[in-house]
>>> print(open('run-v9.pdb').read())   # PDB, C-alpha atoms, pLDDT in the B column
ATOM      1  CA  MET A   1    -166.779 224.722 106.293  1.00 76.00           C
ATOM      2  CA  PRO A   2    -168.256 227.868 107.859  1.00 85.00           C
ATOM      3  CA  ILE A   3    -166.329 229.128 110.892  1.00 95.00           C
ATOM      4  CA  LYS A   4    -168.161 231.348 113.364  1.00 96.00           C
ATOM      5  CA  THR A   5    -166.505 233.461 116.056  1.00 97.00           C
ATOM      6  CA  LEU A   6    -168.346 233.137 119.358  1.00 98.00           C
ATOM      7  CA  HIS A   7    -168.357 234.326 122.970  1.00 98.00           C
ATOM      8  CA  ILE A   8    -169.432 231.862 125.649  1.00 98.00           C
ATOM      9  CA  PRO A   9    -170.806 233.175 128.972  1.00 98.00           C
ATOM     10  CA  THR A  10    -168.954 231.632 131.918  1.00 98.00           C
ATOM     11  CA  ALA A  11    -168.907 232.085 135.671  1.00 97.00           C
ATOM     12  CA  ASP A  12    -165.839 234.301 135.270  1.00 97.00           C
ATOM     13  CA  GLY A  13    -166.803 236.338 132.220  1.00 96.00           C
ATOM     14  CA  GLN A  14    -166.837 235.383 128.555  1.00 97.00           C
ATOM     15  CA  ALA A  15    -164.692 232.852 126.741  1.00 98.00           C
ATOM     16  CA  ASP A  16    -163.893 233.640 123.146  1.00 98.00           C
ATOM     17  CA  ALA A  17    -164.274 230.610 120.890  1.00 98.00           C
ATOM     18  CA  PHE A  18    -164.989 229.491 117.368  1.00 98.00           C
ATOM     19  CA  ALA A  19    -167.194 226.832 115.843  1.00 98.00           C
ATOM     20  CA  ALA A  20    -166.836 224.948 112.580  1.00 98.00           C
ATOM     21  CA  PHE A  21    -169.856 223.151 111.127  1.00 97.00           C
ATOM     22  CA  PRO A  22    -171.232 221.833 107.835  1.00 96.00           C
ATOM     23  CA  ASP A  23    -172.592 224.385 105.375  1.00 91.00           C
ATOM     24  CA  CYS A  24    -175.502 222.190 104.317  1.00 88.00           C
ATOM     25  CA  GLY A  25    -177.872 223.492 106.981  1.00 86.00           C
ATOM     26  CA  GLY A  26    -179.703 221.290 109.453  1.00 92.00           C
ATOM     27  CA  ARG A  27    -178.575 220.129 112.879  1.00 96.00           C
ATOM     28  CA  HIS A  28    -175.486 218.095 113.645  1.00 97.00           C
ATOM     29  CA  PRO A  29    -173.976 216.176 116.564  1.00 98.00           C
ATOM     30  CA  GLY A  30    -171.913 218.415 118.823  1.00 98.00           C
ATOM     31  CA  VAL A  31    -168.221 218.018 119.613  1.00 98.00           C
ATOM     32  CA  LEU A  32    -166.324 220.063 122.193  1.00 99.00           C
ATOM     33  CA  MET A  33    -162.667 220.226 121.104  1.00 99.00           C
ATOM     34  CA  TYR A  34    -160.011 221.281 123.604  1.00 98.00           C
ATOM     35  CA  ALA A  35    -156.847 222.719 122.078  1.00 98.00           C
ATOM     36  CA  ASP A  36    -153.347 221.824 123.156  1.00 97.00           C
ATOM     37  CA  GLY A  37    -151.388 224.168 125.404  1.00 95.00           C
ATOM     38  CA  PHE A  38    -150.480 226.470 122.512  1.00 96.00           C
ATOM     39  CA  GLY A  39    -154.154 227.306 122.136  1.00 96.00           C
ATOM     40  CA  ILE A  40    -156.294 228.497 119.248  1.00 97.00           C
ATOM     41  CA  ARG A  41    -154.347 229.116 116.040  1.00 97.00           C
ATOM     42  CA  PRO A  42    -154.642 228.198 112.339  1.00 97.00           C
ATOM     43  CA  VAL A  43    -153.903 224.485 112.807  1.00 98.00           C
ATOM     44  CA  LEU A  44    -156.819 224.179 115.267  1.00 98.00           C
ATOM     45  CA  ARG A  45    -159.125 225.821 112.755  1.00 97.00           C
ATOM     46  CA  GLU A  46    -157.924 223.347 110.128  1.00 98.00           C
ATOM     47  CA  MET A  47    -158.551 220.358 112.388  1.00 98.00           C
ATOM     48  CA  ALA A  48    -161.972 221.608 113.485  1.00 98.00           C
ATOM     49  CA  SER A  49    -162.930 222.225 109.850  1.00 98.00           C
ATOM     50  CA  GLU A  50    -161.779 218.730 108.888  1.00 98.00           C
ATOM     51  CA  LEU A  51    -163.957 217.228 111.601  1.00 98.00           C
ATOM     52  CA  ALA A  52    -166.890 219.452 110.679  1.00 97.00           C
ATOM     53  CA  GLY A  53    -166.610 218.162 107.125  1.00 96.00           C
ATOM     54  CA  HIS A  54    -167.635 214.746 108.450  1.00 97.00           C
ATOM     55  CA  GLY A  55    -170.922 216.120 109.740  1.00 96.00           C
ATOM     56  CA  TYR A  56    -170.183 217.574 113.181  1.00 97.00           C
ATOM     57  CA  TYR A  57    -170.569 220.939 114.887  1.00 98.00           C
ATOM     58  CA  VAL A  58    -167.176 221.519 116.496  1.00 98.00           C
ATOM     59  CA  LEU A  59    -166.786 224.088 119.292  1.00 98.00           C
ATOM     60  CA  VAL A  60    -163.230 225.176 120.205  1.00 98.00           C
ATOM     61  CA  PRO A  61    -162.948 227.531 123.218  1.00 98.00           C
ATOM     62  CA  ASN A  62    -159.996 229.646 124.245  1.00 98.00           C
ATOM     63  CA  LEU A  63    -158.873 227.809 127.380  1.00 97.00           C
ATOM     64  CA  PHE A  64    -157.019 230.831 128.728  1.00 97.00           C
ATOM     65  CA  TYR A  65    -159.684 233.488 128.142  1.00 98.00           C
ATOM     66  CA  ARG A  66    -159.200 234.827 131.664  1.00 98.00           C
ATOM     67  CA  HIS A  67    -155.840 236.167 130.481  1.00 97.00           C
ATOM     68  CA  GLY A  68    -157.130 237.684 127.243  1.00 96.00           C
ATOM     69  CA  PRO A  69    -158.514 236.709 123.839  1.00 96.00           C
ATOM     70  CA  ALA A  70    -156.745 234.175 121.639  1.00 96.00           C
ATOM     71  CA  PRO A  71    -153.931 234.167 120.823  1.00 93.00           C
ATOM     72  CA  VAL A  72    -153.124 234.909 124.446  1.00 94.00           C
ATOM     73  CA  ILE A  73    -149.398 234.933 123.643  1.00 94.00           C
ATOM     74  CA  ALA A  74    -147.677 235.637 120.344  1.00 93.00           C
ATOM     75  CA  LEU A  75    -146.900 232.408 118.497  1.00 94.00           C
ATOM     76  CA  PRO A  76    -144.601 231.909 115.537  1.00 94.00           C
ATOM     77  CA  GLU A  77    -146.068 230.390 112.381  1.00 95.00           C
ATOM     78  CA  HIS A  78    -144.040 227.244 113.095  1.00 97.00           C
ATOM     79  CA  ILE A  79    -143.388 226.273 116.699  1.00 96.00           C
ATOM     80  CA  GLY A  80    -139.957 224.695 116.313  1.00 95.00           C
ATOM     81  CA  GLU A  81    -137.750 223.249 119.015  1.00 92.00           C
ATOM     82  CA  GLU A  82    -135.651 226.407 119.144  1.00 94.00           C
ATOM     83  CA  VAL A  83    -138.615 228.517 120.293  1.00 94.00           C
ATOM     84  CA  ARG A  84    -140.439 225.982 122.488  1.00 92.00           C
ATOM     85  CA  PRO A  85    -138.615 226.918 125.722  1.00 92.00           C
ATOM     86  CA  SER A  86    -139.478 230.606 125.430  1.00 95.00           C
ATOM     87  CA  VAL A  87    -143.068 229.840 124.402  1.00 95.00           C
ATOM     88  CA  PHE A  88    -143.576 227.443 127.293  1.00 91.00           C
ATOM     89  CA  ALA A  89    -142.069 229.921 129.729  1.00 95.00           C
ATOM     90  CA  GLN A  90    -144.997 232.195 128.858  1.00 96.00           C
ATOM     91  CA  LEU A  91    -147.586 229.404 128.773  1.00 95.00           C
ATOM     92  CA  MET A  92    -146.820 227.564 131.999  1.00 95.00           C
ATOM     93  CA  PRO A  93    -148.234 230.250 134.329  1.00 96.00           C
ATOM     94  CA  LEU A  94    -151.485 230.141 132.323  1.00 96.00           C
ATOM     95  CA  ILE A  95    -151.640 226.344 132.457  1.00 95.00           C
ATOM     96  CA  GLU A  96    -150.878 226.302 136.194  1.00 95.00           C
ATOM     97  CA  ALA A  97    -153.609 228.898 136.825  1.00 96.00           C
ATOM     98  CA  HIS A  98    -156.158 226.710 135.019  1.00 96.00           C
ATOM     99  CA  THR A  99    -157.150 224.751 138.109  1.00 97.00           C
ATOM    100  CA  THR A 100    -159.467 221.758 138.187  1.00 96.00           C
ATOM    101  CA  GLU A 101    -162.182 224.004 139.615  1.00 97.00           C
ATOM    102  CA  ARG A 102    -161.846 226.367 136.661  1.00 98.00           C
ATOM    103  CA  VAL A 103    -161.786 223.468 134.208  1.00 98.00           C
ATOM    104  CA  LEU A 104    -165.045 222.050 135.554  1.00 98.00           C
ATOM    105  CA  SER A 105    -166.767 225.416 135.789  1.00 98.00           C
ATOM    106  CA  ASP A 106    -165.798 226.189 132.199  1.00 98.00           C
ATOM    107  CA  ALA A 107    -166.865 222.733 131.034  1.00 98.00           C
ATOM    108  CA  ASP A 108    -170.362 223.364 132.400  1.00 98.00           C
ATOM    109  CA  ALA A 109    -170.511 226.596 130.422  1.00 98.00           C
ATOM    110  CA  TYR A 110    -169.084 225.120 127.222  1.00 98.00           C
ATOM    111  CA  LEU A 111    -171.467 222.158 127.157  1.00 98.00           C
ATOM    112  CA  SER A 112    -174.461 224.307 128.017  1.00 98.00           C
ATOM    113  CA  PHE A 113    -173.581 226.645 125.168  1.00 98.00           C
ATOM    114  CA  LEU A 114    -172.813 223.842 122.696  1.00 98.00           C
ATOM    115  CA  THR A 115    -176.068 221.998 123.239  1.00 97.00           C
ATOM    116  CA  THR A 116    -178.205 225.109 122.779  1.00 97.00           C
ATOM    117  CA  GLN A 117    -176.768 226.182 119.418  1.00 97.00           C
ATOM    118  CA  PRO A 118    -179.330 226.091 116.584  1.00 96.00           C
ATOM    119  CA  GLU A 119    -176.992 224.016 114.405  1.00 96.00           C
ATOM    120  CA  VAL A 120    -176.581 221.306 117.075  1.00 97.00           C
ATOM    121  CA  GLY A 121    -178.955 218.380 117.262  1.00 95.00           C
ATOM    122  CA  ALA A 122    -180.463 216.859 120.365  1.00 93.00           C
ATOM    123  CA  GLY A 123    -178.692 213.916 121.949  1.00 93.00           C
ATOM    124  CA  PRO A 124    -175.281 213.228 123.448  1.00 97.00           C
ATOM    125  CA  VAL A 125    -172.075 215.043 122.571  1.00 98.00           C
ATOM    126  CA  ALA A 126    -168.407 214.141 122.299  1.00 98.00           C
ATOM    127  CA  VAL A 127    -165.333 215.721 123.838  1.00 98.00           C
ATOM    128  CA  THR A 128    -161.869 215.524 122.316  1.00 98.00           C
ATOM    129  CA  GLY A 129    -158.592 217.100 123.337  1.00 98.00           C
ATOM    130  CA  TYR A 130    -154.904 217.363 122.556  1.00 98.00           C
ATOM    131  CA  CYS A 131    -151.986 217.569 124.994  1.00 97.00           C
ATOM    132  CA  ILE A 132    -153.315 219.304 128.146  1.00 97.00           C
ATOM    133  CA  GLY A 133    -156.656 219.431 126.352  1.00 98.00           C
ATOM    134  CA  GLY A 134    -156.770 215.649 126.594  1.00 98.00           C
ATOM    135  CA  LEU A 135    -156.793 215.882 130.377  1.00 98.00           C
ATOM    136  CA  LEU A 136    -159.470 218.577 130.210  1.00 98.00           C
ATOM    137  CA  ALA A 137    -161.526 216.287 127.985  1.00 98.00           C
ATOM    138  CA  MET A 138    -161.214 213.486 130.553  1.00 98.00           C
ATOM    139  CA  ARG A 139    -162.329 215.764 133.366  1.00 98.00           C
ATOM    140  CA  THR A 140    -165.244 217.081 131.313  1.00 98.00           C
ATOM    141  CA  ALA A 141    -166.480 213.613 130.363  1.00 98.00           C
ATOM    142  CA  ALA A 142    -166.207 212.383 133.957  1.00 98.00           C
ATOM    143  CA  ALA A 143    -168.186 215.375 135.220  1.00 98.00           C
ATOM    144  CA  HIS A 144    -170.963 214.928 132.628  1.00 98.00           C
ATOM    145  CA  PRO A 145    -171.502 211.171 132.349  1.00 96.00           C
ATOM    146  CA  GLY A 146    -175.053 211.419 131.094  1.00 89.00           C
ATOM    147  CA  GLN A 147    -174.224 213.912 128.387  1.00 97.00           C
ATOM    148  CA  VAL A 148    -170.815 212.952 126.967  1.00 98.00           C
ATOM    149  CA  ALA A 149    -171.039 209.741 124.949  1.00 98.00           C
ATOM    150  CA  ALA A 150    -167.549 209.782 123.423  1.00 98.00           C
ATOM    151  CA  LEU A 151    -164.147 210.917 124.657  1.00 98.00           C
ATOM    152  CA  ALA A 152    -160.930 211.009 122.653  1.00 98.00           C
ATOM    153  CA  ALA A 153    -157.593 212.291 123.931  1.00 98.00           C
ATOM    154  CA  PHE A 154    -154.302 212.454 122.049  1.00 98.00           C
ATOM    155  CA  HIS A 155    -150.795 212.832 123.508  1.00 98.00           C
ATOM    156  CA  GLY A 156    -152.414 214.010 126.747  1.00 96.00           C
ATOM    157  CA  PRO A 157    -151.535 213.430 130.425  1.00 96.00           C
ATOM    158  CA  VAL A 158    -154.751 211.487 130.901  1.00 96.00           C
ATOM    159  CA  GLY A 159    -153.660 209.536 133.978  1.00 93.00           C
ATOM    160  CA  VAL A 160    -152.805 212.543 136.125  1.00 93.00           C
ATOM    161  CA  ASP A 161    -156.016 212.421 138.178  1.00 94.00           C
ATOM    162  CA  GLY A 162    -155.739 208.696 138.834  1.00 89.00           C
ATOM    163  CA  PRO A 163    -158.289 205.875 138.793  1.00 91.00           C
ATOM    164  CA  ASP A 164    -160.941 207.797 140.722  1.00 92.00           C
ATOM    165  CA  LEU A 165    -161.565 209.843 137.586  1.00 95.00           C
ATOM    166  CA  PHE A 166    -161.886 206.741 135.407  1.00 97.00           C
ATOM    167  CA  SER A 167    -164.623 205.336 137.638  1.00 95.00           C
ATOM    168  CA  LYS A 168    -166.854 208.291 136.692  1.00 97.00           C
ATOM    169  CA  LEU A 169    -166.590 207.757 132.932  1.00 97.00           C
ATOM    170  CA  THR A 170    -169.537 206.355 131.003  1.00 97.00           C
ATOM    171  CA  ALA A 171    -168.356 207.585 127.599  1.00 98.00           C
ATOM    172  CA  GLN A 172    -166.724 205.338 125.028  1.00 98.00           C
ATOM    173  CA  VAL A 173    -163.037 206.289 125.089  1.00 98.00           C
ATOM    174  CA  HIS A 174    -160.065 206.356 122.755  1.00 98.00           C
ATOM    175  CA  LEU A 175    -156.626 207.339 124.026  1.00 98.00           C
ATOM    176  CA  GLY A 176    -153.807 207.856 121.528  1.00 98.00           C
ATOM    177  CA  HIS A 177    -150.450 208.126 123.279  1.00 98.00           C
ATOM    178  CA  ALA A 178    -147.123 209.380 121.965  1.00 98.00           C
ATOM    179  CA  GLU A 179    -144.346 206.812 122.074  1.00 97.00           C
ATOM    180  CA  GLY A 180    -142.164 209.490 123.635  1.00 94.00           C
ATOM    181  CA  ASP A 181    -144.670 209.994 126.483  1.00 96.00           C
ATOM    182  CA  MET A 182    -145.698 206.452 127.388  1.00 95.00           C
ATOM    183  CA  THR A 183    -143.685 203.287 127.957  1.00 95.00           C
ATOM    184  CA  PRO A 184    -145.335 199.913 127.270  1.00 96.00           C
ATOM    185  CA  GLU A 185    -145.235 199.242 131.009  1.00 97.00           C
ATOM    186  CA  ALA A 186    -146.994 202.512 131.818  1.00 97.00           C
ATOM    187  CA  LEU A 187    -149.556 201.781 129.106  1.00 97.00           C
ATOM    188  CA  GLY A 188    -150.259 198.412 130.697  1.00 97.00           C
ATOM    189  CA  GLU A 189    -150.815 200.015 134.096  1.00 97.00           C
ATOM    190  CA  LEU A 190    -153.112 202.675 132.619  1.00 97.00           C
ATOM    191  CA  ASN A 191    -155.155 200.106 130.731  1.00 98.00           C
ATOM    192  CA  GLN A 192    -155.460 197.922 133.826  1.00 97.00           C
ATOM    193  CA  ALA A 193    -156.879 200.905 135.707  1.00 97.00           C
ATOM    194  CA  LEU A 194    -159.373 201.540 132.890  1.00 98.00           C
ATOM    195  CA  ASP A 195    -160.370 197.878 132.945  1.00 98.00           C
ATOM    196  CA  ALA A 196    -160.863 197.973 136.715  1.00 97.00           C
ATOM    197  CA  ALA A 197    -163.104 201.032 136.338  1.00 97.00           C
ATOM    198  CA  GLY A 198    -165.244 199.276 133.736  1.00 97.00           C
ATOM    199  CA  VAL A 199    -164.493 201.803 130.995  1.00 97.00           C
ATOM    200  CA  GLY A 200    -165.216 200.914 127.360  1.00 98.00           C
ATOM    201  CA  TYR A 201    -162.033 202.023 125.659  1.00 98.00           C
ATOM    202  CA  THR A 202    -159.170 201.623 123.242  1.00 98.00           C
ATOM    203  CA  SER A 203    -155.788 202.883 124.405  1.00 98.00           C
ATOM    204  CA  GLU A 204    -152.632 202.580 122.349  1.00 98.00           C
ATOM    205  CA  ILE A 205    -149.209 204.010 121.683  1.00 98.00           C
ATOM    206  CA  TYR A 206    -148.899 205.479 118.199  1.00 98.00           C
ATOM    207  CA  PRO A 207    -145.596 204.114 116.821  1.00 97.00           C
ATOM    208  CA  GLY A 208    -142.719 206.454 116.129  1.00 97.00           C
ATOM    209  CA  THR A 209    -144.339 209.504 117.736  1.00 98.00           C
ATOM    210  CA  ILE A 210    -143.315 212.180 120.171  1.00 97.00           C
ATOM    211  CA  HIS A 211    -145.483 214.511 122.212  1.00 96.00           C
ATOM    212  CA  GLY A 212    -147.586 216.765 119.999  1.00 97.00           C
ATOM    213  CA  PHE A 213    -147.668 214.488 116.960  1.00 98.00           C
ATOM    214  CA  THR A 214    -151.054 215.718 115.678  1.00 98.00           C
ATOM    215  CA  MET A 215    -150.016 219.358 115.326  1.00 98.00           C
ATOM    216  CA  SER A 216    -148.713 220.240 111.871  1.00 98.00           C
ATOM    217  CA  ASP A 217    -147.225 223.554 113.003  1.00 98.00           C
ATOM    218  CA  THR A 218    -144.698 221.881 115.327  1.00 97.00           C
ATOM    219  CA  ASP A 219    -141.555 219.785 114.903  1.00 97.00           C
ATOM    220  CA  ALA A 220    -143.398 216.913 116.608  1.00 97.00           C
ATOM    221  CA  PHE A 221    -145.830 216.522 113.705  1.00 98.00           C
ATOM    222  CA  ASN A 222    -146.207 213.015 112.294  1.00 98.00           C
ATOM    223  CA  PRO A 223    -148.578 212.841 109.289  1.00 98.00           C
ATOM    224  CA  VAL A 224    -148.985 209.057 109.529  1.00 98.00           C
ATOM    225  CA  ALA A 225    -149.985 209.371 113.185  1.00 98.00           C
ATOM    226  CA  LEU A 226    -152.373 212.235 112.402  1.00 98.00           C
ATOM    227  CA  GLN A 227    -154.156 209.976 109.914  1.00 98.00           C
ATOM    228  CA  ARG A 228    -154.248 207.200 112.520  1.00 98.00           C
ATOM    229  CA  HIS A 229    -155.877 209.735 114.857  1.00 98.00           C
ATOM    230  CA  TRP A 230    -158.648 210.372 112.299  1.00 98.00           C
ATOM    231  CA  ASP A 231    -158.990 206.638 111.684  1.00 98.00           C
ATOM    232  CA  ARG A 232    -159.691 206.154 115.414  1.00 98.00           C
ATOM    233  CA  LEU A 233    -161.693 209.316 116.099  1.00 98.00           C
ATOM    234  CA  LEU A 234    -164.203 209.246 113.256  1.00 98.00           C
ATOM    235  CA  PRO A 235    -165.517 205.693 113.843  1.00 98.00           C
ATOM    236  CA  LEU A 236    -165.817 206.450 117.567  1.00 98.00           C
ATOM    237  CA  LEU A 237    -167.974 209.485 116.843  1.00 98.00           C
ATOM    238  CA  ASP A 238    -169.991 207.611 114.251  1.00 97.00           C
ATOM    239  CA  ARG A 239    -170.795 204.813 116.731  1.00 96.00           C
ATOM    240  CA  THR A 240    -171.672 207.013 119.650  1.00 97.00           C
ATOM    241  CA  LEU A 241    -173.240 210.127 118.132  1.00 96.00           C
ATOM    242  CA  VAL A 242    -174.503 209.532 114.624  1.00 78.00           C
ATOM    243  CA  ASN A 243    -176.219 206.277 115.492  1.00 58.00           C
ATOM    244  CA  SER A 244    -177.357 207.250 118.992  1.00 51.00           C
TER     245      SER A 244
END
>>> encode(input="run-v9.pdb", output="structure tokens")
Amino acid sequence: MPIKTLHIPTADGQADAFAAFPDCGGRHPGVLMYADGFGIRPVLREMASELAGHGYYVLVPNLFYRHGPAPVIALPEHIGEEVRPSVFAQLMPLIEAHTTERVLSDADAYLSFLTTQPEVGAGPVAVTGYCIGGLLAMRTAAAHPGQVAALAAFHGPVGVDGPDLFSKLTAQVHLGHAEGDMTPEALGELNQALDAAGVGYTSEIYPGTIHGFTMSDTDAFNPVALQRHWDRLLPLLDRTLVNS
């Protein structure tokens, strides 16, 4: 899949980003993909390219562009448990500085940019995210109910903003939770809140997983769960974007 380096105008400057899309020409449904807290790196390019191979234009912005271009901090090739504490010590100030106001302002810019690209077709878009990106995807979908038709979040803290956020969602939703992040009781409470908000969703714990299970460059990686993620994500996009 072609990968294009991009710069997205925002209220605070320019966000560096990349897009992966089919090489067959034409226009394709747009997907905004939010990275996990580790940010843009080879595994994100692999995942975006995989998704693009199914017929989508996938835009992946550098969430922390205000602090510099990606990679904002130096990352090892494999993010093992022995280096996670030192990596997160550098990342947490960036994550904490990425306020809800900044998230929503950036989301406006990202979606405006995505929908005006020549390779992107008219119609609704999807938003997907991993880890903290899952929460960003929720906030983006809630802020753009007429534009975002599908939302998928994986091992993300999606309940942080509470039920008020759910009531703003009109997208079809899939939430894939890590077993290490979510008890069955907490899942039941989350799903009850989604039901009460009238959200069309699937929400499940992926068996035998810990936080970060989709990322092949970490010790959390679970290949069976990554395939389950594709098995949930691709039909969701097909229903909401391809046939819209």
>>> residues_around(input="run-v9.pdb", residues="Gly26 (chain A)", least_positions_apart="3", cutoff="9 Å", atoms="all atoms listed in the file", output="PyMOL selection string")
chain A and resi 22-23+118-121
>>> atom_distance(input="run-v9.pdb", atom1="CA of Ala107 (chain A)", atom2="CA of Leu91 (chain A)")
20.5 Å
>>> residues_around(input="run-v9.pdb", residues="region 188-192 of chain A", least_positions_apart="3", cutoff="9 Å", atoms="all atoms listed in the file", output="NGL selection string")
:A and (159 or 163 or 183-185 or 195-197 or 201-203)
>>> residues_around(input="run-v9.pdb", residues="Val148 (chain A)", least_positions_apart="6", cutoff="10 Å", atoms="only C-alpha atoms", output="VMD selection string")
chain A and resid 30 to 32 111 123 to 127 137 140 to 142 169 to 172 240 to 241
>>> write_last_selection(input="run-v9.pdb", atoms="C-alpha atoms", output="compact mmCIF listing (two decimals), keeping the file's coordinate frame")
# COMPACT_ATOMS: atom_id res chain seq x y z
CA GLY A 30 -171.91 218.42 118.82
CA VAL A 31 -168.22 218.02 119.61
CA LEU A 32 -166.32 220.06 122.19
CA LEU A 111 -171.47 222.16 127.16
CA GLY A 123 -178.69 213.92 121.95
CA PRO A 124 -175.28 213.23 123.45
CA VAL A 125 -172.08 215.04 122.57
CA ALA A 126 -168.41 214.14 122.30
CA VAL A 127 -165.33 215.72 123.84
CA ALA A 137 -161.53 216.29 127.98
CA THR A 140 -165.24 217.08 131.31
CA ALA A 141 -166.48 213.61 130.36
CA ALA A 142 -166.21 212.38 133.96
CA LEU A 169 -166.59 207.76 132.93
CA THR A 170 -169.54 206.36 131.00
CA ALA A 171 -168.36 207.58 127.60
CA GLN A 172 -166.72 205.34 125.03
CA THR A 240 -171.67 207.01 119.65
CA LEU A 241 -173.24 210.13 118.13
>>> residues_around(input="run-v9.pdb", residues="Ala52 (chain A)", least_positions_apart="3", cutoff="10 Å", atoms="all atoms listed in the file", output="list in words")
Met1, Pro2, Ile3, Ala19, Ala20, Phe21, Pro22, Asp23, His28, Pro29, Gly30, Val31, Glu46, Met47, Ala48, Ser49, Gly55, Tyr56, Tyr57, Val58 and Leu59 of chain A
>>> closest_residue(input="run-v9.pdb", among="A:Pro223, A:Gly133, A:Pro42, A:Pro61", to="Thr10 (chain A)", atoms="all atoms listed in the file")
A:Pro61
>>> residues_near_point(input="run-v9.pdb", point="(-156.2, 228.3, 121.5)", cutoff="6 Å", atoms="only C-alpha atoms", output="count of residues only")
6
>>> atom_distance(input="run-v9.pdb", atom1="CA of Val199 (chain A)", atom2="CA of Ala220 (chain A)")
29.7 Å
>>> resolve_selection(input="run-v9.pdb", expression="the PyMOL selection byres ((chain A and resi 105) around 12)", output="count of residues only")
26
>>> atom_distance(input="run-v9.pdb", atom1="CA of Met138 (chain A)", atom2="CA of His155 (chain A)")
12.6 Å
>>> resolve_selection(input="run-v9.pdb", expression="the PyMOL selection byres ((chain A and resi 207) around 9)", output="JSON, numbers by chain")
{"A": [178, 179, 205, 206, 208, 209, 225]}
>>> closest_residue(input="run-v9.pdb", among="A:Phe221, A:Val173, A:Thr128, A:Thr116", to="Met33 (chain A)", atoms="all atoms listed in the file")
A:Thr128
>>> closest_residue(input="run-v9.pdb", among="A:Gly180, A:Asp231, A:Glu82, A:Gln147", to="Thr115 (chain A)", atoms="only C-alpha atoms")
A:Gln147
>>> resolve_selection(input="run-v9.pdb", expression="the PyMOL selection byres ((chain A and resi 152) around 7)", output="ChimeraX atom specification")
/A:127-129,150-151,153-154,173-175,233
